[in-house]
$ cat structure37.cif   # mmCIF, C-alpha atoms
data_final
#
loop_
_atom_site.label_atom_id
_atom_site.label_comp_id
_atom_site.auth_asym_id
_atom_site.auth_seq_id
_atom_site.Cartn_x
_atom_site.Cartn_y
_atom_site.Cartn_z
CA MET A 1 139.11 68.92 78.11
CA MET A 2 135.72 67.23 77.97
CA ARG A 3 133.59 67.14 81.11
CA TRP A 4 131.20 64.41 82.22
CA SER A 5 127.67 65.71 81.76
CA PRO A 6 124.18 64.31 81.18
CA THR A 7 124.76 64.68 77.43
CA VAL A 8 128.04 62.77 77.54
CA SER A 9 126.49 60.14 79.81
CA ARG A 10 123.61 59.58 77.37
CA ALA A 11 126.04 59.30 74.42
CA VAL A 12 128.09 56.66 76.28
CA VAL A 13 124.96 54.72 77.29
CA ASP A 14 123.73 54.76 73.69
CA LEU A 15 127.13 53.66 72.37
CA LEU A 16 127.42 50.70 74.76
CA GLY A 17 123.84 49.60 74.11
CA ASP A 18 122.60 46.34 75.59
CA ASP A 19 126.08 45.35 76.79
CA LEU A 20 125.84 48.03 79.52
CA ILE A 21 123.91 46.67 82.51
CA ILE A 22 122.78 50.06 83.87
CA ASN A 23 120.89 52.92 82.23
CA HIS A 24 122.03 55.88 84.32
CA PRO A 25 125.75 55.94 85.18
CA GLN A 26 126.42 57.86 88.38
CA VAL A 27 129.38 60.02 89.35
CA ARG A 28 130.70 58.69 92.65
CA PRO A 29 133.32 60.24 94.90
CA LEU A 30 136.50 58.23 94.64
CA GLN A 31 137.38 56.77 98.02
CA LYS A 32 141.17 56.88 97.81
CA HIS A 33 141.92 53.98 100.14
CA THR A 34 139.26 51.40 99.36
CA PRO A 35 137.15 52.15 96.30
CA ALA A 36 134.09 49.96 96.76
CA LEU A 37 133.06 49.39 93.17
CA LEU A 38 131.54 46.01 92.75
CA HIS A 39 131.65 44.98 89.12
CA HIS A 40 134.03 42.51 87.55
CA VAL A 41 133.65 43.49 83.91
CA GLY A 42 133.33 47.02 82.61
CA LEU A 43 134.77 50.42 81.97
CA TYR A 44 135.53 53.22 84.39
CA ILE A 45 136.08 56.92 83.86
CA ALA A 46 138.20 58.94 86.29
CA LEU A 47 137.12 62.54 86.80
CA SER A 48 138.63 65.65 88.32
CA LEU A 49 136.88 67.79 90.92
CA ALA A 50 135.29 69.77 88.06
CA HIS A 51 134.21 66.48 86.38
CA GLU A 52 136.83 66.80 83.64
CA ILE A 53 137.37 63.39 82.06
CA LEU A 54 140.92 62.38 82.94
CA TYR A 55 141.13 58.69 82.14
CA LEU A 56 139.20 55.80 80.68
CA GLY A 57 140.06 52.26 81.69
CA MET A 58 138.63 48.77 81.61
CA THR A 59 138.54 45.77 83.85
CA GLU A 60 137.78 42.19 83.01
CA ARG A 61 138.70 40.19 86.10
CA LEU A 62 136.05 37.65 86.93
CA HIS A 63 138.23 36.09 89.66
CA VAL A 64 138.72 39.37 91.60
CA PRO A 65 136.00 40.63 93.96
CA SER A 66 135.27 44.30 93.28
CA ALA A 67 137.59 44.26 90.26
CA THR A 68 136.97 47.88 89.31
CA GLY A 69 137.83 49.02 92.82
CA ALA A 70 140.94 46.83 92.83
CA ARG A 71 142.10 48.32 89.52
CA LEU A 72 141.50 51.86 90.76
CA CYS A 73 143.57 51.12 93.87
CA GLU A 74 146.43 50.08 91.58
CA HIS A 75 146.17 53.38 89.69
CA LEU A 76 146.06 55.42 92.89
CA THR A 77 149.55 54.30 93.87
CA GLU A 78 150.70 56.94 91.35
CA SER A 79 150.82 60.33 93.09
CA GLU A 80 149.52 62.34 90.11
CA LYS A 81 146.43 60.16 89.84
CA TYR A 82 145.96 60.12 93.61
CA ASP A 83 146.05 63.93 93.69
CA ASN A 84 143.82 64.57 90.66
CA TRP A 85 141.28 61.75 90.43
CA THR A 86 138.40 62.74 92.71
CA ALA A 87 135.42 60.90 91.22
CA VAL A 88 134.67 57.90 89.06
CA VAL A 89 131.90 56.75 86.74
CA GLU A 90 131.60 52.98 86.59
CA LEU A 91 130.14 51.45 83.42
CA PRO A 92 129.46 47.79 84.25
CA LEU A 93 129.17 45.48 81.26
CA ARG A 94 127.68 42.03 80.87
CA GLU A 95 129.95 39.45 82.47
CA ASP A 96 129.63 37.07 79.52
CA LEU A 97 131.51 39.43 77.18
CA ALA A 98 134.86 38.22 75.88
CA ARG A 99 137.93 40.33 76.64
CA HIS A 100 138.17 41.53 73.03
CA GLN A 101 134.57 42.79 73.24
CA VAL A 102 135.34 44.78 76.39
CA GLN A 103 138.46 46.17 74.71
CA ARG A 104 136.39 47.17 71.67
CA HIS A 105 133.95 49.03 73.94
CA GLU A 106 136.87 50.76 75.66
CA SER A 107 138.23 51.87 72.27
CA ARG A 108 134.88 53.12 71.04
CA VAL A 109 134.15 55.07 74.22
CA GLY A 110 137.73 56.40 74.16
CA VAL A 111 137.18 57.82 70.68
CA LEU A 112 133.88 59.39 71.80
CA LEU A 113 135.62 60.99 74.79
CA GLY A 114 138.70 62.13 72.88
CA ARG A 115 140.90 59.33 74.27
CA PRO A 116 141.40 60.65 77.83
CA GLY A 117 144.30 59.82 80.11
CA GLY A 118 146.37 56.82 79.09
CA HIS A 119 144.30 56.48 75.94
CA GLN A 120 145.31 59.69 74.17
CA ARG A 121 146.55 59.52 70.62
CA ARG A 122 150.27 59.82 70.27
CA ALA A 123 151.84 62.32 67.89
CA GLY A 124 152.06 60.97 64.37
CA ARG A 125 149.06 58.63 64.64
#

$ encode --input "structure37.cif" --output "structure tokens"
Amino acid sequence: MMRWSPTVSRAVVDLLGDDLIINHPQVRPLQKHTPALLHHVGLYIALSLAHEILYLGMTERLHVPSATGARLCEHLTESEKYDNWTAVVELPLREDLARHQVQRHESRVGVLLGRPGGHQRRAGR
């Protein structure tokens, strides 16, 4: 399983280009009850304690304050995720991107990361 590292971080930053609004994504401890992640549009990567990449997701909810945090709270209602997701990397994107553009970024980053979590290839594909 791939781990988040400076090399992986740089590859993701390069792939997202000017649509990413930060240059140095940070690993943050995942606060299980109220993740305080502030962005409305972007990708997020859930990590294990050893920084193994467990899941890649996206959010595009302009009407929800702290949309990434809200989406993570939804995930953390599942006991397996609650027990294993210990950190998160938030990749905020420009808020003027259309949903299909955010989805395209999610797909491209998923391929780079080997399609972690809910984005793994299914047998026969």

$ resolve_selection --input "structure37.cif" --expression "the PyMOL selection byres ((chain A and resi 51) around 8)" --output "ChimeraX atom specification"
/A:3-4,47-50,52-53,87

$ write_last_selection --input "structure37.cif" --atoms "C-alpha atoms" --output "CSV table (one decimal), in the frame of the given file"
chain,number,residue,atom,x,y,z
A,3,ARG,CA,133.6,67.1,81.1
A,4,TRP,CA,131.2,64.4,82.2
A,47,LEU,CA,137.1,62.5,86.8
A,48,SER,CA,138.6,65.6,88.3
A,49,LEU,CA,136.9,67.8,90.9
A,50,ALA,CA,135.3,69.8,88.1
A,52,GLU,CA,136.8,66.8,83.6
A,53,ILE,CA,137.4,63.4,82.1
A,87,ALA,CA,135.4,60.9,91.2

$ residues_near_point --input "structure37.cif" --point "(133.4, 54.0, 71.7)" --cutoff "12 Å" --atoms "all atoms listed in the file" --output "PDB file with C-alpha atoms, in the coordinates of the input"
ATOM      1  CA  VAL A   8     128.040  62.770  77.540  1.00  0.00           C
ATOM      2  CA  ALA A  11     126.040  59.300  74.420  1.00  0.00           C
ATOM      3  CA  VAL A  12     128.090  56.660  76.280  1.00  0.00           C
ATOM      4  CA  VAL A  13     124.960  54.720  77.290  1.00  0.00           C
ATOM      5  CA  ASP A  14     123.730  54.760  73.690  1.00  0.00           C
ATOM      6  CA  LEU A  15     127.130  53.660  72.370  1.00  0.00           C
ATOM      7  CA  LEU A  16     127.420  50.700  74.760  1.00  0.00           C
ATOM      8  CA  GLY A  17     123.840  49.600  74.110  1.00  0.00           C
ATOM      9  CA  LEU A  43     134.770  50.420  81.970  1.00  0.00           C
ATOM     10  CA  LEU A  56     139.200  55.800  80.680  1.00  0.00           C
ATOM     11  CA  GLN A 101     134.570  42.790  73.240  1.00  0.00           C
ATOM     12  CA  VAL A 102     135.340  44.780  76.390  1.00  0.00           C
ATOM     13  CA  GLN A 103     138.460  46.170  74.710  1.00  0.00           C
ATOM     14  CA  ARG A 104     136.390  47.170  71.670  1.00  0.00           C
ATOM     15  CA  HIS A 105     133.950  49.030  73.940  1.00  0.00           C
ATOM     16  CA  GLU A 106     136.870  50.760  75.660  1.00  0.00           C
ATOM     17  CA  SER A 107     138.230  51.870  72.270  1.00  0.00           C
ATOM     18  CA  ARG A 108     134.880  53.120  71.040  1.00  0.00           C
ATOM     19  CA  VAL A 109     134.150  55.070  74.220  1.00  0.00           C
ATOM     20  CA  GLY A 110     137.730  56.400  74.160  1.00  0.00           C
ATOM     21  CA  VAL A 111     137.180  57.820  70.680  1.00  0.00           C
ATOM     22  CA  LEU A 112     133.880  59.390  71.800  1.00  0.00           C
ATOM     23  CA  LEU A 113     135.620  60.990  74.790  1.00  0.00           C
ATOM     24  CA  GLY A 114     138.700  62.130  72.880  1.00  0.00           C
ATOM     25  CA  ARG A 115     140.900  59.330  74.270  1.00  0.00           C
ATOM     26  CA  HIS A 119     144.300  56.480  75.940  1.00  0.00           C
TER      27      HIS A 119
END

$ atom_distance --input "structure37.cif" --atom1 "atom CA of A:Met1" --atom2 "atom CA of A:Glu90"
19.6 Å

$ atom_distance --input "structure37.cif" --atom1 "atom CA of A:Cys73" --atom2 "atom CA of A:Glu60"
15.2 Å

$ resolve_selection --input "structure37.cif" --expression "the PyMOL selection byres ((chain A and resi 58) around 6)" --output "number ranges by chain"
A: 42-43, 57, 59

$ residues_around --input "structure37.cif" --residues "A:Pro25" --least-positions-apart "5" --cutoff "7 Å" --atoms "all atoms listed in the file" --output "PyMOL selection string"
chain A and resi 9+89-91

$ closest_residue --input "structure37.cif" --among "A:Arg94, A:His75, A:Lys81, A:Arg99" --to "A:Asp18" --atoms "all atoms listed in the file"
A:Arg94

$ residues_around --input "structure37.cif" --residues "A:Leu30" --least-positions-apart "6" --cutoff "9 Å" --atoms "only C-alpha atoms" --output "short mmCIF file (atom, residue, chain, number, x, y, z; two decimals) with C-alpha atoms, in the coordinates of the input"
data_model
loop_
_atom_site.label_atom_id
_atom_site.label_comp_id
_atom_site.auth_asym_id
_atom_site.auth_seq_id
_atom_site.Cartn_x
_atom_site.Cartn_y
_atom_site.Cartn_z
CA ALA A 36 134.09 49.96 96.76
CA ALA A 46 138.20 58.94 86.29
CA LEU A 47 137.12 62.54 86.80
CA LEU A 72 141.50 51.86 90.76
CA TRP A 85 141.28 61.75 90.43
CA THR A 86 138.40 62.74 92.71
CA ALA A 87 135.42 60.90 91.22
CA VAL A 88 134.67 57.90 89.06
#

$ closest_residue --input "structure37.cif" --among "A:Ile21, A:Val41, A:Val27, A:Met2" --to "A:Ala70" --atoms "only C-alpha atoms"
A:Val41

$ closest_residue --input "structure37.cif" --among "A:Thr68, A:Gln31, A:Thr7, A:Gln26" --to "A:Leu93" --atoms "all atoms listed in the file"
A:Thr68

$ atom_distance --input "structure37.cif" --atom1 "atom CA of A:Asn84" --atom2 "atom CA of A:His39"
23.1 Å

$ closest_residue --input "structure37.cif" --among "A:Pro92, A:His40, A:Tyr82, A:Ser5" --to "A:Ile22" --atoms "all atoms listed in the file"
A:Pro92

$ closest_residue --input "structure37.cif" --among "A:Asp83, A:Arg10, A:Tyr55, A:Tyr44" --to "A:Gly69" --atoms "all atoms listed in the file"
A:Tyr44

$ build_atoms --input "structure37.cif" --residues "stretch 81-111 of chain A" --atoms "N, CA and C atoms" --output "PDB file, keeping the file's coordinate frame"
ATOM      1  N   LYS A  81     147.811  60.653  89.882  1.00  0.00           N
ATOM      2  CA  LYS A  81     146.430  60.160  89.840  1.00  0.00           C
ATOM      3  C   LYS A  81     145.777  60.325  91.212  1.00  0.00           C
ATOM      4  N   TYR A  82     146.501  59.996  92.260  1.00  0.00           N
ATOM      5  CA  TYR A  82     145.960  60.120  93.610  1.00  0.00           C
ATOM      6  C   TYR A  82     145.521  61.561  93.880  1.00  0.00           C
ATOM      7  N   ASP A  83     146.330  62.512  93.439  1.00  0.00           N
ATOM      8  CA  ASP A  83     146.050  63.930  93.690  1.00  0.00           C
ATOM      9  C   ASP A  83     144.926  64.481  92.826  1.00  0.00           C
ATOM     10  N   ASN A  84     144.744  63.952  91.618  1.00  0.00           N
ATOM     11  CA  ASN A  84     143.820  64.570  90.660  1.00  0.00           C
ATOM     12  C   ASN A  84     142.518  63.814  90.429  1.00  0.00           C
ATOM     13  N   TRP A  85     142.498  62.524  90.638  1.00  0.00           N
ATOM     14  CA  TRP A  85     141.280  61.750  90.430  1.00  0.00           C
ATOM     15  C   TRP A  85     140.402  61.872  91.672  1.00  0.00           C
ATOM     16  N   THR A  86     139.255  62.535  91.540  1.00  0.00           N
ATOM     17  CA  THR A  86     138.400  62.740  92.710  1.00  0.00           C
ATOM     18  C   THR A  86     137.062  62.024  92.606  1.00  0.00           C
ATOM     19  N   ALA A  87     136.700  61.589  91.415  1.00  0.00           N
ATOM     20  CA  ALA A  87     135.420  60.900  91.220  1.00  0.00           C
ATOM     21  C   ALA A  87     135.585  59.870  90.120  1.00  0.00           C
ATOM     22  N   VAL A  88     134.625  58.955  90.067  1.00  0.00           N
ATOM     23  CA  VAL A  88     134.670  57.900  89.060  1.00  0.00           C
ATOM     24  C   VAL A  88     133.245  57.605  88.591  1.00  0.00           C
ATOM     25  N   VAL A  89     133.145  57.264  87.319  1.00  0.00           N
ATOM     26  CA  VAL A  89     131.900  56.750  86.740  1.00  0.00           C
ATOM     27  C   VAL A  89     132.193  55.312  86.356  1.00  0.00           C
ATOM     28  N   GLU A  90     131.433  54.396  86.917  1.00  0.00           N
ATOM     29  CA  GLU A  90     131.600  52.980  86.590  1.00  0.00           C
ATOM     30  C   GLU A  90     130.558  52.598  85.553  1.00  0.00           C
ATOM     31  N   LEU A  91     131.009  51.899  84.517  1.00  0.00           N
ATOM     32  CA  LEU A  91     130.140  51.450  83.420  1.00  0.00           C
ATOM     33  C   LEU A  91     130.192  49.927  83.374  1.00  0.00           C
ATOM     34  N   PRO A  92     129.416  49.257  84.208  1.00  0.00           N
ATOM     35  CA  PRO A  92     129.460  47.790  84.250  1.00  0.00           C
ATOM     36  C   PRO A  92     128.878  47.174  82.987  1.00  0.00           C
ATOM     37  N   LEU A  93     129.593  46.187  82.471  1.00  0.00           N
ATOM     38  CA  LEU A  93     129.170  45.480  81.260  1.00  0.00           C
ATOM     39  C   LEU A  93     128.776  44.050  81.610  1.00  0.00           C
ATOM     40  N   ARG A  94     128.081  43.432  80.682  1.00  0.00           N
ATOM     41  CA  ARG A  94     127.680  42.030  80.870  1.00  0.00           C
ATOM     42  C   ARG A  94     128.911  41.171  81.128  1.00  0.00           C
ATOM     43  N   GLU A  95     128.805  40.277  82.096  1.00  0.00           N
ATOM     44  CA  GLU A  95     129.950  39.450  82.470  1.00  0.00           C
ATOM     45  C   GLU A  95     130.248  38.343  81.473  1.00  0.00           C
ATOM     46  N   ASP A  96     129.360  38.102  80.517  1.00  0.00           N
ATOM     47  CA  ASP A  96     129.630  37.070  79.520  1.00  0.00           C
ATOM     48  C   ASP A  96     130.380  37.601  78.295  1.00  0.00           C
ATOM     49  N   LEU A  97     130.761  38.877  78.309  1.00  0.00           N
ATOM     50  CA  LEU A  97     131.510  39.430  77.180  1.00  0.00           C
ATOM     51  C   LEU A  97     132.946  38.907  77.193  1.00  0.00           C
ATOM     52  N   ALA A  98     133.458  38.626  76.014  1.00  0.00           N
ATOM     53  CA  ALA A  98     134.860  38.220  75.880  1.00  0.00           C
ATOM     54  C   ALA A  98     135.744  39.462  76.042  1.00  0.00           C
ATOM     55  N   ARG A  99     136.991  39.220  76.419  1.00  0.00           N
ATOM     56  CA  ARG A  99     137.930  40.330  76.640  1.00  0.00           C
ATOM     57  C   ARG A  99     138.009  41.257  75.421  1.00  0.00           C
ATOM     58  N   HIS A 100     138.059  40.684  74.221  1.00  0.00           N
ATOM     59  CA  HIS A 100     138.170  41.530  73.030  1.00  0.00           C
ATOM     60  C   HIS A 100     136.939  42.426  72.852  1.00  0.00           C
ATOM     61  N   GLN A 101     135.775  41.965  73.319  1.00  0.00           N
ATOM     62  CA  GLN A 101     134.570  42.790  73.240  1.00  0.00           C
ATOM     63  C   GLN A 101     134.652  43.963  74.218  1.00  0.00           C
ATOM     64  N   VAL A 102     135.165  43.702  75.412  1.00  0.00           N
ATOM     65  CA  VAL A 102     135.340  44.780  76.390  1.00  0.00           C
ATOM     66  C   VAL A 102     136.365  45.783  75.867  1.00  0.00           C
ATOM     67  N   GLN A 103     137.447  45.289  75.286  1.00  0.00           N
ATOM     68  CA  GLN A 103     138.460  46.170  74.710  1.00  0.00           C
ATOM     69  C   GLN A 103     137.883  47.013  73.572  1.00  0.00           C
ATOM     70  N   ARG A 104     137.028  46.413  72.763  1.00  0.00           N
ATOM     71  CA  ARG A 104     136.390  47.170  71.670  1.00  0.00           C
ATOM     72  C   ARG A 104     135.523  48.288  72.244  1.00  0.00           C
ATOM     73  N   HIS A 105     134.763  47.990  73.294  1.00  0.00           N
ATOM     74  CA  HIS A 105     133.950  49.030  73.940  1.00  0.00           C
ATOM     75  C   HIS A 105     134.847  50.141  74.501  1.00  0.00           C
ATOM     76  N   GLU A 106     135.953  49.758  75.123  1.00  0.00           N
ATOM     77  CA  GLU A 106     136.870  50.760  75.660  1.00  0.00           C
ATOM     78  C   GLU A 106     137.388  51.671  74.538  1.00  0.00           C
ATOM     79  N   SER A 107     137.737  51.085  73.410  1.00  0.00           N
ATOM     80  CA  SER A 107     138.230  51.870  72.270  1.00  0.00           C
ATOM     81  C   SER A 107     137.168  52.810  71.732  1.00  0.00           C
ATOM     82  N   ARG A 108     135.960  52.307  71.581  1.00  0.00           N
ATOM     83  CA  ARG A 108     134.880  53.120  71.040  1.00  0.00           C
ATOM     84  C   ARG A 108     134.524  54.288  71.962  1.00  0.00           C
ATOM     85  N   VAL A 109     134.447  54.003  73.261  1.00  0.00           N
ATOM     86  CA  VAL A 109     134.150  55.070  74.220  1.00  0.00           C
ATOM     87  C   VAL A 109     135.333  56.050  74.267  1.00  0.00           C
ATOM     88  N   GLY A 110     136.557  55.534  74.181  1.00  0.00           N
ATOM     89  CA  GLY A 110     137.730  56.400  74.160  1.00  0.00           C
ATOM     90  C   GLY A 110     137.698  57.389  73.003  1.00  0.00           C
ATOM     91  N   VAL A 111     137.292  56.929  71.834  1.00  0.00           N
ATOM     92  CA  VAL A 111     137.180  57.820  70.680  1.00  0.00           C
ATOM     93  C   VAL A 111     136.104  58.880  70.953  1.00  0.00           C
TER      94      VAL A 111
END
